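Visitor: Next comes the structure file start_29.csv, holding CSV, C-alpha atoms.
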```csv
chain,number,residue,atom,x,y,z
A,289,MET,CA,-73.0,-13.5,4.3
A,290,SER,CA,-71.2,-14.9,7.3
A,291,ARG,CA,-70.3,-12.3,9.8
A,292,VAL,CA,-67.4,-14.3,11.1
A,293,ASN,CA,-64.0,-14.6,9.5
A,294,ASP,CA,-61.7,-17.3,10.7
A,295,GLN,CA,-59.0,-15.8,12.8
A,296,PRO,CA,-56.0,-16.2,10.4
A,297,THR,CA,-58.0,-14.7,7.5
A,298,HIS,CA,-59.2,-11.9,9.7
A,299,ASP,CA,-55.6,-11.2,10.9
A,300,LEU,CA,-54.3,-11.2,7.4
A,301,LEU,CA,-56.9,-8.9,6.1
A,302,SER,CA,-56.4,-6.6,9.0
A,303,ALA,CA,-52.6,-6.7,8.3
A,304,CYS,CA,-53.4,-5.5,4.8
A,305,ARG,CA,-55.3,-2.6,6.5
A,306,LEU,CA,-58.6,-3.7,5.1
A,307,VAL,CA,-61.8,-3.9,7.2
A,308,PRO,CA,-63.0,-7.5,7.2
A,309,LEU,CA,-66.8,-7.6,6.7
A,310,GLY,CA,-67.2,-11.4,6.6
A,311,ALA,CA,-67.0,-14.4,4.3
A,312,VAL,CA,-69.4,-14.5,1.3
A,313,HIS,CA,-70.9,-17.8,0.2
A,314,ASP,CA,-73.0,-17.1,-2.8
A,315,ASP,CA,-73.2,-19.7,-5.6
A,316,ARG,CA,-74.3,-17.0,-8.1
A,317,LEU,CA,-70.8,-15.4,-7.9
A,318,PRO,CA,-67.9,-16.7,-9.9
A,319,SER,CA,-66.0,-19.0,-7.6
A,320,PRO,CA,-62.6,-17.9,-6.1
A,321,GLU,CA,-61.0,-20.9,-7.8
A,322,TRP,CA,-62.2,-19.8,-11.3
A,323,ALA,CA,-61.3,-16.2,-10.7
A,324,TRP,CA,-57.8,-17.3,-9.6
A,325,HIS,CA,-57.4,-19.4,-12.7
A,326,VAL,CA,-58.5,-16.6,-14.9
A,327,THR,CA,-56.0,-14.3,-13.3
A,328,ALA,CA,-53.0,-16.6,-12.7
A,329,GLY,CA,-53.5,-19.1,-15.5
A,330,VAL,CA,-55.2,-17.6,-18.5
A,331,ARG,CA,-55.4,-13.8,-18.9
A,332,THR,CA,-52.6,-11.5,-20.0
A,333,PRO,CA,-52.2,-8.2,-18.1
A,334,ILE,CA,-53.8,-4.9,-18.6
A,335,ALA,CA,-50.9,-3.3,-16.8
A,336,ALA,CA,-47.5,-4.6,-15.5
A,337,VAL,CA,-45.2,-3.2,-12.9
A,338,PRO,CA,-41.5,-4.1,-13.3
A,339,MET,CA,-40.1,-5.9,-10.3
A,340,SER,CA,-37.2,-3.5,-10.3
A,341,ALA,CA,-39.5,-0.7,-9.3
A,342,PRO,CA,-38.5,1.0,-6.1
A,343,ASP,CA,-41.0,0.3,-3.3
A,344,LEU,CA,-42.6,-2.3,-5.5
A,345,GLY,CA,-45.5,-3.0,-3.1
A,346,SER,CA,-46.6,0.6,-3.1
A,347,VAL,CA,-46.5,0.9,-6.9
A,348,VAL,CA,-48.5,-2.3,-7.4
A,349,ASP,CA,-51.0,-1.1,-4.8
A,350,ALA,CA,-51.4,2.2,-6.7
A,351,GLU,CA,-51.9,0.4,-10.0
A,352,TRP,CA,-54.4,-1.9,-8.4
A,353,LEU,CA,-56.3,1.0,-6.9
A,354,ARG,CA,-56.3,2.9,-10.2
A,355,LEU,CA,-57.6,-0.1,-12.2
A,356,SER,CA,-60.1,-1.2,-9.6
A,357,ARG,CA,-61.7,2.3,-9.5
A,358,GLN,CA,-61.6,2.6,-13.3
A,359,HIS,CA,-63.3,-0.8,-13.8
A,360,HIS,CA,-65.7,-0.5,-10.8
A,361,VAL,CA,-64.3,-3.3,-8.7
A,362,LEU,CA,-64.7,-0.9,-5.8
A,363,ASP,CA,-68.2,0.3,-5.1
A,364,GLU,CA,-69.1,3.7,-3.7
A,365,GLN,CA,-68.4,2.6,-0.2
A,366,ASP,CA,-65.0,1.3,-1.2
A,367,THR,CA,-66.1,-2.3,-0.5
A,368,PHE,CA,-65.1,-5.3,-2.6
A,369,LEU,CA,-64.5,-9.0,-2.4
A,370,ILE,CA,-61.1,-10.6,-2.1
A,371,ALA,CA,-59.9,-14.2,-2.6
A,372,LEU,CA,-56.9,-15.0,-0.5
A,373,SER,CA,-56.7,-18.5,-2.0
A,374,ARG,CA,-58.5,-20.7,-4.5
A,375,SER,CA,-60.2,-22.9,-2.0
A,376,ARG,CA,-61.5,-20.3,0.5
A,377,PRO,CA,-64.6,-18.3,0.0
A,378,TRP,CA,-64.6,-14.7,-1.0
A,379,ASP,CA,-64.2,-12.2,1.8
A,380,LYS,CA,-66.0,-8.9,1.7
A,381,VAL,CA,-63.7,-6.0,2.8
A,382,ARG,CA,-63.6,-2.3,2.9
A,383,LEU,CA,-60.6,-0.4,1.8
A,384,THR,CA,-58.8,2.0,4.2
A,385,GLU,CA,-56.6,4.9,3.4
A,386,HIS,CA,-53.3,3.2,4.2
A,387,PHE,CA,-54.0,-0.3,2.7
A,388,ARG,CA,-51.0,-2.5,1.9
A,389,LEU,CA,-52.1,-5.4,-0.3
A,390,ALA,CA,-49.1,-6.3,-2.5
A,391,GLU,CA,-46.7,-6.2,0.4
A,392,ARG,CA,-48.7,-8.5,2.6
A,393,LEU,CA,-50.2,-10.8,-0.1
A,394,ALA,CA,-47.0,-12.2,-1.7
A,395,GLY,CA,-46.8,-15.8,-2.8
A,396,ASP,CA,-45.3,-18.5,-0.6
A,397,ASN,CA,-41.6,-17.7,0.1
A,398,ALA,CA,-41.8,-14.7,-2.3
A,399,PRO,CA,-40.5,-11.2,-1.4
A,400,ALA,CA,-42.9,-8.5,-0.4
A,401,GLY,CA,-44.5,-7.0,-3.4
A,402,HIS,CA,-44.5,-10.2,-5.5
A,403,ALA,CA,-48.2,-10.3,-5.0
A,404,GLU,CA,-50.8,-13.0,-5.6
A,405,PHE,CA,-54.4,-12.1,-4.9
A,406,VAL,CA,-57.7,-11.6,-6.7
A,407,THR,CA,-60.3,-8.9,-6.0
A,408,MET,CA,-63.8,-8.8,-7.4
A,409,ALA,CA,-66.8,-6.4,-7.4
A,410,THR,CA,-69.4,-7.4,-4.8
A,411,ASP,CA,-71.9,-8.2,-7.6
A,412,GLY,CA,-69.3,-10.5,-9.2
A,413,SER,CA,-69.3,-8.5,-12.5
A,414,VAL,CA,-65.5,-7.9,-12.8
A,415,ILE,CA,-62.2,-9.0,-11.3
A,416,CYS,CA,-58.9,-7.2,-10.8
A,417,GLY,CA,-56.3,-9.8,-10.1
A,418,VAL,CA,-52.6,-9.4,-9.3
A,419,THR,CA,-50.1,-12.1,-10.1
A,420,THR,CA,-46.3,-12.2,-10.3
A,421,GLU,CA,-44.4,-13.3,-13.4
A,422,GLU,CA,-40.7,-13.6,-14.3
A,423,TYR,CA,-39.9,-9.8,-14.4
A,424,ASP,CA,-43.2,-8.0,-13.7
A,425,VAL,CA,-46.2,-8.0,-11.4
A,426,TRP,CA,-49.2,-8.3,-13.6
A,427,LEU,CA,-52.6,-6.7,-13.1
A,428,VAL,CA,-55.4,-8.5,-14.8
A,429,VAL,CA,-58.9,-7.2,-15.4
A,430,ASP,CA,-61.6,-9.5,-16.7
A,431,SER,CA,-65.4,-9.3,-16.9
A,432,GLU,CA,-66.0,-11.8,-19.7
A,433,LEU,CA,-64.1,-15.1,-19.2
A,434,LEU,CA,-65.1,-14.8,-15.5
A,435,HIS,CA,-68.7,-15.5,-16.5
A,436,THR,CA,-67.9,-18.4,-18.8
A,437,PRO,CA,-68.5,-21.6,-16.8
A,438,PRO,CA,-65.3,-23.4,-16.2
A,439,PRO,CA,-65.1,-26.7,-18.0
A,440,SER,CA,-65.7,-28.7,-14.9
A,441,ARG,CA,-68.9,-26.7,-14.1
A,442,ALA,CA,-70.3,-26.5,-17.6
A,443,PRO,CA,-73.5,-28.4,-18.2
A,444,ALA,CA,-72.8,-31.8,-19.7
A,445,THR,CA,-73.7,-31.8,-23.4
A,446,SER,CA,-73.1,-35.5,-23.8
A,447,PRO,CA,-73.4,-38.6,-21.7
A,448,GLU,CA,-70.4,-39.7,-19.7
A,449,PRO,CA,-67.8,-41.1,-22.2
A,450,THR,CA,-67.6,-44.8,-22.3
A,451,PRO,CA,-64.1,-46.3,-22.8
A,452,GLY,CA,-63.9,-47.8,-26.2
A,453,LYS,CA,-66.5,-45.5,-27.6
A,454,VAL,CA,-64.6,-42.3,-27.7
A,455,ASP,CA,-62.5,-41.0,-30.6
A,456,VAL,CA,-59.3,-40.6,-28.7
A,457,SER,CA,-57.6,-39.4,-31.9
A,458,ALA,CA,-59.4,-36.1,-31.5
A,459,LEU,CA,-58.2,-35.6,-27.9
A,460,GLN,CA,-55.0,-34.3,-26.4
A,461,PRO,CA,-53.2,-36.8,-24.2
A,462,MET,CA,-54.0,-34.7,-21.2
A,463,GLN,CA,-57.7,-34.9,-22.0
A,464,ILE,CA,-57.4,-38.7,-22.4
A,465,ASP,CA,-55.7,-38.9,-19.1
A,466,ARG,CA,-58.5,-37.0,-17.4
A,467,LEU,CA,-61.2,-39.1,-19.0
A,468,PHE,CA,-59.8,-42.5,-18.5
A,469,ALA,CA,-56.6,-42.9,-16.6
A,470,PRO,CA,-55.7,-41.8,-13.1
A,471,ASP,CA,-52.1,-40.8,-12.4
A,472,SER,CA,-52.1,-43.6,-9.9
A,473,LEU,CA,-54.3,-46.5,-8.9
A,474,THR,CA,-56.6,-46.2,-5.9
A,475,PRO,CA,-56.8,-48.9,-3.2
A,476,PRO,CA,-57.8,-51.6,-2.6
A,477,PHE,CA,-55.0,-53.0,-4.8
A,478,ARG,CA,-55.1,-56.5,-6.2
A,479,ASP,CA,-52.7,-58.6,-8.1
A,480,GLY,CA,-53.3,-58.5,-11.9
A,481,TRP,CA,-52.3,-57.4,-15.3
A,482,VAL,CA,-52.0,-53.8,-16.3
A,483,LEU,CA,-51.7,-52.0,-19.6
A,484,LEU,CA,-49.2,-49.2,-19.4
A,485,GLY,CA,-49.1,-46.3,-21.9
A,486,PHE,CA,-45.9,-44.3,-22.2
A,487,HIS,CA,-45.7,-41.0,-24.1
A,488,ARG,CA,-43.6,-41.7,-27.2
A,489,LEU,CA,-41.5,-38.6,-26.9
A,490,ALA,CA,-41.5,-37.9,-23.2
A,491,LYS,CA,-41.1,-41.6,-22.3
A,492,ARG,CA,-43.4,-40.9,-19.4
A,493,LEU,CA,-46.1,-43.1,-18.1
A,494,VAL,CA,-49.3,-41.2,-18.8
A,495,ARG,CA,-51.9,-44.0,-18.8
A,496,LEU,CA,-52.4,-46.9,-16.6
A,497,HIS,CA,-55.2,-49.4,-16.9
A,498,GLU,CA,-56.0,-52.3,-14.7
A,499,LEU,CA,-57.1,-55.2,-16.8
A,500,PRO,CA,-60.1,-57.4,-15.7
A,501,ASP,CA,-59.5,-60.4,-13.5
A,502,THR,CA,-60.4,-62.6,-16.5
A,503,PHE,CA,-57.2,-61.4,-18.1
A,504,ALA,CA,-54.9,-64.2,-17.1
A,505,GLU,CA,-51.5,-65.5,-18.0
A,506,THR,CA,-53.0,-67.5,-20.8
A,507,THR,CA,-54.8,-64.4,-22.1
A,508,ALA,CA,-51.7,-62.4,-22.0
A,509,SER,CA,-49.8,-65.1,-23.8
A,510,ALA,CA,-52.5,-65.5,-26.5
A,511,TRP,CA,-52.6,-61.7,-27.2
A,512,THR,CA,-48.8,-61.3,-27.3
A,513,GLY,CA,-47.7,-64.6,-28.8
A,514,ARG,CA,-45.2,-64.8,-26.1
A,515,HIS,CA,-45.2,-66.9,-22.9
A,516,MET,CA,-46.2,-64.4,-20.3
A,517,THR,CA,-45.9,-65.2,-16.6
A,518,ALA,CA,-47.1,-63.3,-13.6
A,519,GLY,CA,-43.5,-62.8,-12.4
A,520,GLY,CA,-42.0,-62.0,-15.8
A,521,ASP,CA,-40.7,-58.8,-17.3
A,522,ARG,CA,-42.8,-56.0,-18.7
A,523,LEU,CA,-43.4,-56.6,-22.4
A,524,GLU,CA,-43.6,-53.7,-24.9
A,525,LEU,CA,-46.4,-54.3,-27.2
A,526,SER,CA,-46.7,-53.6,-30.9
A,527,ASP,CA,-49.3,-51.0,-31.9
A,528,ASP,CA,-51.5,-53.7,-33.3
A,529,GLN,CA,-51.3,-55.7,-30.1
A,530,ALA,CA,-52.1,-52.7,-28.0
A,531,LEU,CA,-55.1,-51.9,-30.2
A,532,LEU,CA,-56.4,-55.4,-30.1
A,533,ILE,CA,-56.1,-55.6,-26.3
A,534,GLY,CA,-57.7,-52.2,-25.9
A,535,ASP,CA,-60.7,-53.3,-28.0
A,536,ALA,CA,-61.0,-56.5,-26.2
A,537,VAL,CA,-61.0,-55.1,-22.7
A,538,GLY,CA,-62.8,-51.8,-23.5
A,539,VAL,CA,-60.1,-49.2,-22.9
A,540,PRO,CA,-59.0,-46.4,-25.3
A,541,VAL,CA,-55.7,-46.9,-26.9
A,542,ASP,CA,-53.9,-44.1,-28.7
A,543,THR,CA,-50.9,-45.6,-30.5
A,544,GLN,CA,-50.1,-42.3,-32.3
A,545,ARG,CA,-48.9,-40.7,-29.2
A,546,LEU,CA,-48.3,-43.6,-26.8
A,547,VAL,CA,-46.3,-46.8,-26.7
A,548,TYR,CA,-47.9,-49.6,-24.7
A,549,SER,CA,-46.6,-52.3,-22.4
A,550,LEU,CA,-48.1,-55.2,-20.6
A,551,GLU,CA,-47.1,-56.1,-17.1
A,552,TYR,CA,-48.2,-58.2,-14.2
A,553,GLN,CA,-48.2,-56.2,-11.0
A,554,THR,CA,-48.7,-57.5,-7.5
A,555,ALA,CA,-50.9,-55.5,-5.1
A,556,ALA,CA,-47.8,-54.5,-3.2
A,557,LYS,CA,-46.1,-53.2,-6.4
A,558,LYS,CA,-49.3,-51.3,-7.3
A,559,ALA,CA,-49.4,-49.7,-3.9
A,560,GLU,CA,-45.7,-48.7,-4.1
A,561,ARG,CA,-46.1,-47.2,-7.6
A,562,SER,CA,-49.3,-45.4,-6.7
A,563,SER,CA,-47.5,-43.6,-3.9
A,564,GLY,CA,-45.7,-41.7,-6.6
A,565,ARG,CA,-46.1,-41.2,-10.3
A,566,PRO,CA,-44.0,-43.7,-12.1
A,567,SER,CA,-41.9,-42.2,-14.9
A,568,GLY,CA,-41.0,-45.4,-16.6
B,77,MET,CA,-40.1,-42.5,-9.9
B,78,ILE,CA,-41.2,-38.9,-9.6
B,79,PRO,CA,-42.1,-38.7,-6.0
B,80,LYS,CA,-45.2,-36.9,-4.7
B,81,LEU,CA,-43.7,-34.0,-2.9
B,82,PRO,CA,-45.2,-32.8,0.3
B,83,GLU,CA,-44.4,-29.3,-1.0
B,84,GLY,CA,-46.7,-29.9,-4.0
B,85,SER,CA,-46.1,-29.8,-7.7
B,86,ARG,CA,-42.8,-28.4,-9.0
B,87,VAL,CA,-41.5,-27.6,-12.4
B,88,VAL,CA,-38.0,-26.9,-13.8
B,89,VAL,CA,-38.0,-24.6,-16.8
B,90,GLU,CA,-35.4,-23.6,-19.3
B,91,HIS,CA,-35.7,-20.1,-20.8
B,92,THR,CA,-33.7,-20.0,-24.0
B,93,GLY,CA,-34.8,-16.6,-25.3
B,94,ASP,CA,-34.7,-14.6,-22.1
B,95,PRO,CA,-33.1,-11.1,-22.5
B,96,ALA,CA,-31.0,-11.8,-19.4
B,97,GLY,CA,-29.5,-14.9,-21.1
B,98,PRO,CA,-30.5,-18.6,-21.3
B,99,HIS,CA,-31.1,-20.1,-17.9
B,100,PHE,CA,-33.0,-22.7,-15.8
B,101,HIS,CA,-35.1,-22.0,-12.8
B,102,ALA,CA,-37.7,-23.8,-10.7
B,103,GLY,CA,-41.4,-23.0,-10.3
B,104,MET,CA,-44.3,-23.9,-8.1
B,105,PRO,CA,-48.0,-23.3,-8.0
B,106,LYS,CA,-49.0,-19.7,-7.5
B,107,GLY,CA,-50.5,-18.5,-4.2
B,108,ARG,CA,-50.0,-19.1,-0.5
B,109,GLY,CA,-50.3,-22.0,1.8
B,110,GLU,CA,-52.7,-24.7,0.5
B,111,ASP,CA,-52.6,-23.1,-3.0
B,112,ALA,CA,-48.9,-23.3,-3.2
B,113,THR,CA,-48.7,-26.9,-2.1
B,114,ARG,CA,-51.3,-28.3,-4.5
B,115,GLU,CA,-50.5,-31.7,-6.2
B,116,GLY,CA,-51.0,-32.6,-9.8
B,117,VAL,CA,-50.9,-29.0,-11.2
B,118,ASN,CA,-50.7,-28.9,-14.9
B,119,PHE,CA,-48.1,-26.3,-15.8
B,120,GLY,CA,-48.6,-26.9,-19.5
B,121,TRP,CA,-47.3,-30.5,-19.8
B,122,ASP,CA,-49.8,-31.0,-22.5
B,123,GLY,CA,-52.7,-29.4,-24.3
B,124,THR,CA,-53.0,-26.1,-26.0
B,125,ASP,CA,-55.7,-24.2,-24.1
B,126,PRO,CA,-55.3,-23.1,-20.5
B,127,VAL,CA,-59.1,-23.1,-20.0
B,128,LYS,CA,-60.0,-26.3,-21.8
B,129,ASP,CA,-56.9,-28.2,-20.7
B,130,GLY,CA,-56.7,-26.5,-17.3
B,131,PHE,CA,-53.1,-25.5,-17.2
B,132,GLU,CA,-51.7,-22.6,-15.4
B,133,ARG,CA,-48.6,-20.4,-15.0
B,134,TYR,CA,-46.1,-21.1,-12.3
B,135,GLN,CA,-44.6,-19.0,-9.6
B,136,LYS,CA,-40.8,-18.6,-9.5
B,137,ILE,CA,-39.2,-20.3,-6.6
B,138,ASP,CA,-37.0,-18.0,-4.6
B,139,LYS,CA,-34.3,-18.6,-2.1
B,140,PRO,CA,-33.6,-16.2,0.7
B,141,GLY,CA,-31.9,-13.2,-0.8
B,142,GLY,CA,-32.7,-13.8,-4.4
B,143,ASP,CA,-34.1,-16.1,-7.0
B,144,HIS,CA,-32.9,-19.5,-8.1
B,145,HIS,CA,-31.6,-19.0,-11.6
B,146,LEU,CA,-28.9,-21.1,-13.2
B,147,PHE,CA,-27.5,-19.2,-16.2
B,148,TYR,CA,-25.4,-20.8,-18.8
B,149,ARG,CA,-23.4,-19.6,-21.8
B,150,LYS,CA,-25.1,-20.5,-25.1
B,151,GLY,CA,-23.1,-22.8,-27.3
B,152,SER,CA,-20.3,-23.5,-24.7
B,153,GLN,CA,-19.3,-27.1,-24.1
B,154,CYS,CA,-18.5,-28.6,-20.8
B,155,PRO,CA,-14.7,-29.4,-20.6
B,156,GLY,CA,-13.8,-33.0,-20.4
```
Written as structure tokens, how would this file's structure read?

Guide:
Amino acid sequence: MSRVNDQPTHDLLSACRLVPLGAVHDDRLPSPEWAWHVTAGVRTPIAAVPMSAPDLGSVVDAEWLRLSRQHHVLDEQDTFLIALSRSRPWDKVRLTEHFRLAERLAGDNAPAGHAEFVTMATDGSVICGVTTEEYDVWLVVDSELLHTPPPSRAPATSPEPTPGKVDVSALQPMQIDRLFAPDSLTPPFRDGWVLLGFHRLAKRLVRLHELPDTFAETTASAWTGRHMTAGGDRLELSDDQALLIGDAVGVPVDTQRLVYSLEYQTAAKKAERSSGRPSG
Amino acid sequence: MIPKLPEGSRVVVEHTGDPAGPHFHAGMPKGRGEDATREGVNFGWDGTDPVKDGFERYQKIDKPGGDHHLFYRKGSQCPG
């Protein structure tokens, strides 16, 4: 355990009237990022405090203390771990009598009491997180999902998927995106043909594949049956055309959910589009 | 184009079944500082499972003195 907190963290913890005991770097503990996701993204509350409550921060703090004692987030010395953000390590702290967590640990630009923080027992066994929803401040307790490896940390059960060898029909579009298509291209950019996949309903570009250098004007023309030129307009493909091109160049094509187009893009255009997410 | 905002991901939601009445409001990633300015946050654009698909709930965006809610009357039509 590090004995040194950085100053802003130390100051914030002190402002909460906690005693900072140092940052904790221990790979055996659930990560702050996962504990935050369980709290703010997944679990439903064990208790909820209406935002209309007078002195909201105090009421939330009282509920947090009640649940944290009941579920042994606090140990006998009143020490526990707190995650002020997803990307920072856990900080070990000790509670003082006049602690003020919910008031000090509100979300960005949110009023005092609209709290966002996660606390955990020092042995990592259980969390008590606080997160603010539409009308209530939620208190979330979890000791199960916390110990389920998050998908990104789970041991790989199969080799890295190979484009063209994955059953994309079994995947959600977001999963396909994660596997195969970045939201934007990464430099260095080069002139060339791209295969664009637009969500049929949302009309949003969700997949973007750079085609190999061997994919030339003549190739594009041959696949589409149209005279395709480097400076020409984007051409919407039929499902059959998209599937054939996908097979030929080894990228997954999901014509059930996506409509595909073929376009030639200069390096400058790719750079411009990759500075934001094209919507179509 | 949907620009990459320096403020991070943003979402505009419509609540059609809210007890207070149907309305729109804006949301952002939960947390403070670097958490609240994260890019590419999946607020549930797709997928069905918040763990497997990695989506998360948003934090309401507030303005000084209150929250940013745009209420509308259900079934009314804009004149003209």

Visitor: If you take only C-alpha atoms and a cut-off of 10 Å, which residues of chain B touch chain A, and what are their nearest atom pairs and distances in Å to one decimal, in chain and number order, as JSON lines?

Guide:
```
{"residue": "B:Met77", "atom": "CA", "partner": "A:Pro566", "partner_atom": "CA", "distance": 4.6}
{"residue": "B:Ile78", "atom": "CA", "partner": "A:Arg565", "partner_atom": "CA", "distance": 5.5}
{"residue": "B:Pro79", "atom": "CA", "partner": "A:Gly564", "partner_atom": "CA", "distance": 4.7}
{"residue": "B:Lys80", "atom": "CA", "partner": "A:Gly564", "partner_atom": "CA", "distance": 5.2}
{"residue": "B:Leu81", "atom": "CA", "partner": "A:Gly564", "partner_atom": "CA", "distance": 8.8}
{"residue": "B:Asp94", "atom": "CA", "partner": "A:Glu422", "partner_atom": "CA", "distance": 9.9}
{"residue": "B:Met104", "atom": "CA", "partner": "A:Asp396", "partner_atom": "CA", "distance": 9.3}
{"residue": "B:Pro105", "atom": "CA", "partner": "A:Gly395", "partner_atom": "CA", "distance": 9.2}
{"residue": "B:Lys106", "atom": "CA", "partner": "A:Gly395", "partner_atom": "CA", "distance": 6.5}
{"residue": "B:Gly107", "atom": "CA", "partner": "A:Gly395", "partner_atom": "CA", "distance": 4.8}
{"residue": "B:Arg108", "atom": "CA", "partner": "A:Asp396", "partner_atom": "CA", "distance": 4.7}
{"residue": "B:Gly109", "atom": "CA", "partner": "A:Asp396", "partner_atom": "CA", "distance": 6.6}
{"residue": "B:Glu110", "atom": "CA", "partner": "A:Ser373", "partner_atom": "CA", "distance": 7.8}
{"residue": "B:Asp111", "atom": "CA", "partner": "A:Ser373", "partner_atom": "CA", "distance": 6.2}
{"residue": "B:Ala112", "atom": "CA", "partner": "A:Asp396", "partner_atom": "CA", "distance": 6.5}
{"residue": "B:Thr113", "atom": "CA", "partner": "A:Asp396", "partner_atom": "CA", "distance": 9.2}
{"residue": "B:Gly116", "atom": "CA", "partner": "A:Asp471", "partner_atom": "CA", "distance": 8.7}
{"residue": "B:Asn118", "atom": "CA", "partner": "A:Met462", "partner_atom": "CA", "distance": 9.2}
{"residue": "B:Phe119", "atom": "CA", "partner": "A:Gly329", "partner_atom": "CA", "distance": 9.0}
{"residue": "B:Gly120", "atom": "CA", "partner": "A:Met462", "partner_atom": "CA", "distance": 9.6}
{"residue": "B:Trp121", "atom": "CA", "partner": "A:Met462", "partner_atom": "CA", "distance": 8.0}
{"residue": "B:Asp122", "atom": "CA", "partner": "A:Met462", "partner_atom": "CA", "distance": 5.7}
{"residue": "B:Gly123", "atom": "CA", "partner": "A:Gln460", "partner_atom": "CA", "distance": 5.8}
{"residue": "B:Thr124", "atom": "CA", "partner": "A:Gln460", "partner_atom": "CA", "distance": 8.4}
{"residue": "B:Asp125", "atom": "CA", "partner": "A:Val330", "partner_atom": "CA", "distance": 8.7}
{"residue": "B:Pro126", "atom": "CA", "partner": "A:Val330", "partner_atom": "CA", "distance": 5.9}
{"residue": "B:Val127", "atom": "CA", "partner": "A:Val330", "partner_atom": "CA", "distance": 6.9}
{"residue": "B:Lys128", "atom": "CA", "partner": "A:Pro439", "partner_atom": "CA", "distance": 6.4}
{"residue": "B:Asp129", "atom": "CA", "partner": "A:Gln463", "partner_atom": "CA", "distance": 6.9}
{"residue": "B:Gly130", "atom": "CA", "partner": "A:Gly329", "partner_atom": "CA", "distance": 8.3}
{"residue": "B:Phe131", "atom": "CA", "partner": "A:Gly329", "partner_atom": "CA", "distance": 6.6}
{"residue": "B:Glu132", "atom": "CA", "partner": "A:Gly329", "partner_atom": "CA", "distance": 3.9}
{"residue": "B:Arg133", "atom": "CA", "partner": "A:Gly329", "partner_atom": "CA", "distance": 5.1}
{"residue": "B:Tyr134", "atom": "CA", "partner": "A:Glu421", "partner_atom": "CA", "distance": 8.1}
{"residue": "B:Gln135", "atom": "CA", "partner": "A:Glu421", "partner_atom": "CA", "distance": 6.9}
{"residue": "B:Lys136", "atom": "CA", "partner": "A:Glu422", "partner_atom": "CA", "distance": 6.9}
{"residue": "B:Ile137", "atom": "CA", "partner": "A:Ala398", "partner_atom": "CA", "distance": 7.5}
{"residue": "B:Asp138", "atom": "CA", "partner": "A:Ala398", "partner_atom": "CA", "distance": 6.3}
{"residue": "B:Lys139", "atom": "CA", "partner": "A:Asn397", "partner_atom": "CA", "distance": 7.7}
{"residue": "B:Pro140", "atom": "CA", "partner": "A:Asn397", "partner_atom": "CA", "distance": 8.2}
{"residue": "B:Gly141", "atom": "CA", "partner": "A:Pro399", "partner_atom": "CA", "distance": 8.8}
{"residue": "B:Gly142", "atom": "CA", "partner": "A:Pro399", "partner_atom": "CA", "distance": 8.8}
{"residue": "B:Asp143", "atom": "CA", "partner": "A:Ala398", "partner_atom": "CA", "distance": 9.1}
```

Visitor: Which residue out of A:Val547, A:Met408, A:Val482, A:Ile533 has the minimum interatomic distance to Thr367 of chain A when all atoms listed in the file are used?

Guide: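 Checking each of A:Val547, A:Met408, A:Val482, A:Ile533 against Thr367 of chain A, counting all atoms listed in the file, the winner is A:Met408.
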
Visitor: With a distance cut-off of 10 Å and all atoms listed in the file, select the neighbouring residues of Ala303 of chain A, excluding the residue or stretch itself and same-chain residues fewer than 3 positions from it, and output the selection as a PyMOL selection string.

Guide: chain A and resi 297-300+306-307+387-389+391-393

Visitor: Just to confirm, what's the straight-line distance from atom CA of His101 of chain B to atom CA of Tyr423 of chain A in Å (one decimal)?

Guide: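 Separation between atom CA of His101 of chain B and atom CA of Tyr423 of chain A: 13.2 Å.
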
Visitor: Could you please give me, as a VMD selection string, the residues of protein, DNA or RNA lying at most 12 Å from (-30.2, -25.5, -25.2) in the coordinate frame of the file, considering all atoms listed in the file?

Guide: chain B and resid 89 to 93 97 to 100 147 to 153

Visitor: So, counting only C-alpha atoms, which residue among A:Leu317, A:Asp366, A:Val312, A:Gly401 is closest to Ala341 of chain A?

Guide: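 Ranked by minimum distance to Ala341 of chain A, first place goes to A:Gly401.
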
Visitor: Counting only C-alpha atoms, figure out which residue out of A:His359, A:His313, A:Arg354, A:His497 gets nearest to Val414 of chain A.

Guide: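 Checking each of A:His359, A:His313, A:Arg354, A:His497 against Val414 of chain A, counting only C-alpha atoms, the winner is A:His359.
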
Visitor: Which residue, A:Ala400, A:Ala311, A:Val494, A:Ala530, has the smallest gap to Trp511 of chain A when you use all atoms listed in the file?

Guide: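 Of A:Ala400, A:Ala311, A:Val494, A:Ala530, the one nearest Trp511 of chain A is A:Ala530, counting all atoms listed in the file.
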
Visitor: What does the distance from atom CA of Ala96 of chain B to atom CA of Cys416 of chain A come to in Å, to one decimal?

Guide: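 Rounded to one decimal, the two atoms are 29.6 Å apart.
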
Visitor: Residues near Pro500 of chain A, anyone? I mean within 12 Å using only C-alpha atoms, not counting same-chain ones fewer than 6 positions away, as a list in words.

Guide: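 In the requested form, the answer reads Arg478, Asp479, Gly480, Trp481, Val482, Leu483, Thr507, Ala508, Ile533, Gly534, Ala536, Val537, Gly538 and Val539 of chain A.
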
Visitor: When you draw a straight line from atom CA of Gly485 of chain A to atom CA of Arg114 of chain B, how long is it in Å?

Guide: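 Distance reported for this atom pair: 25.1 Å.
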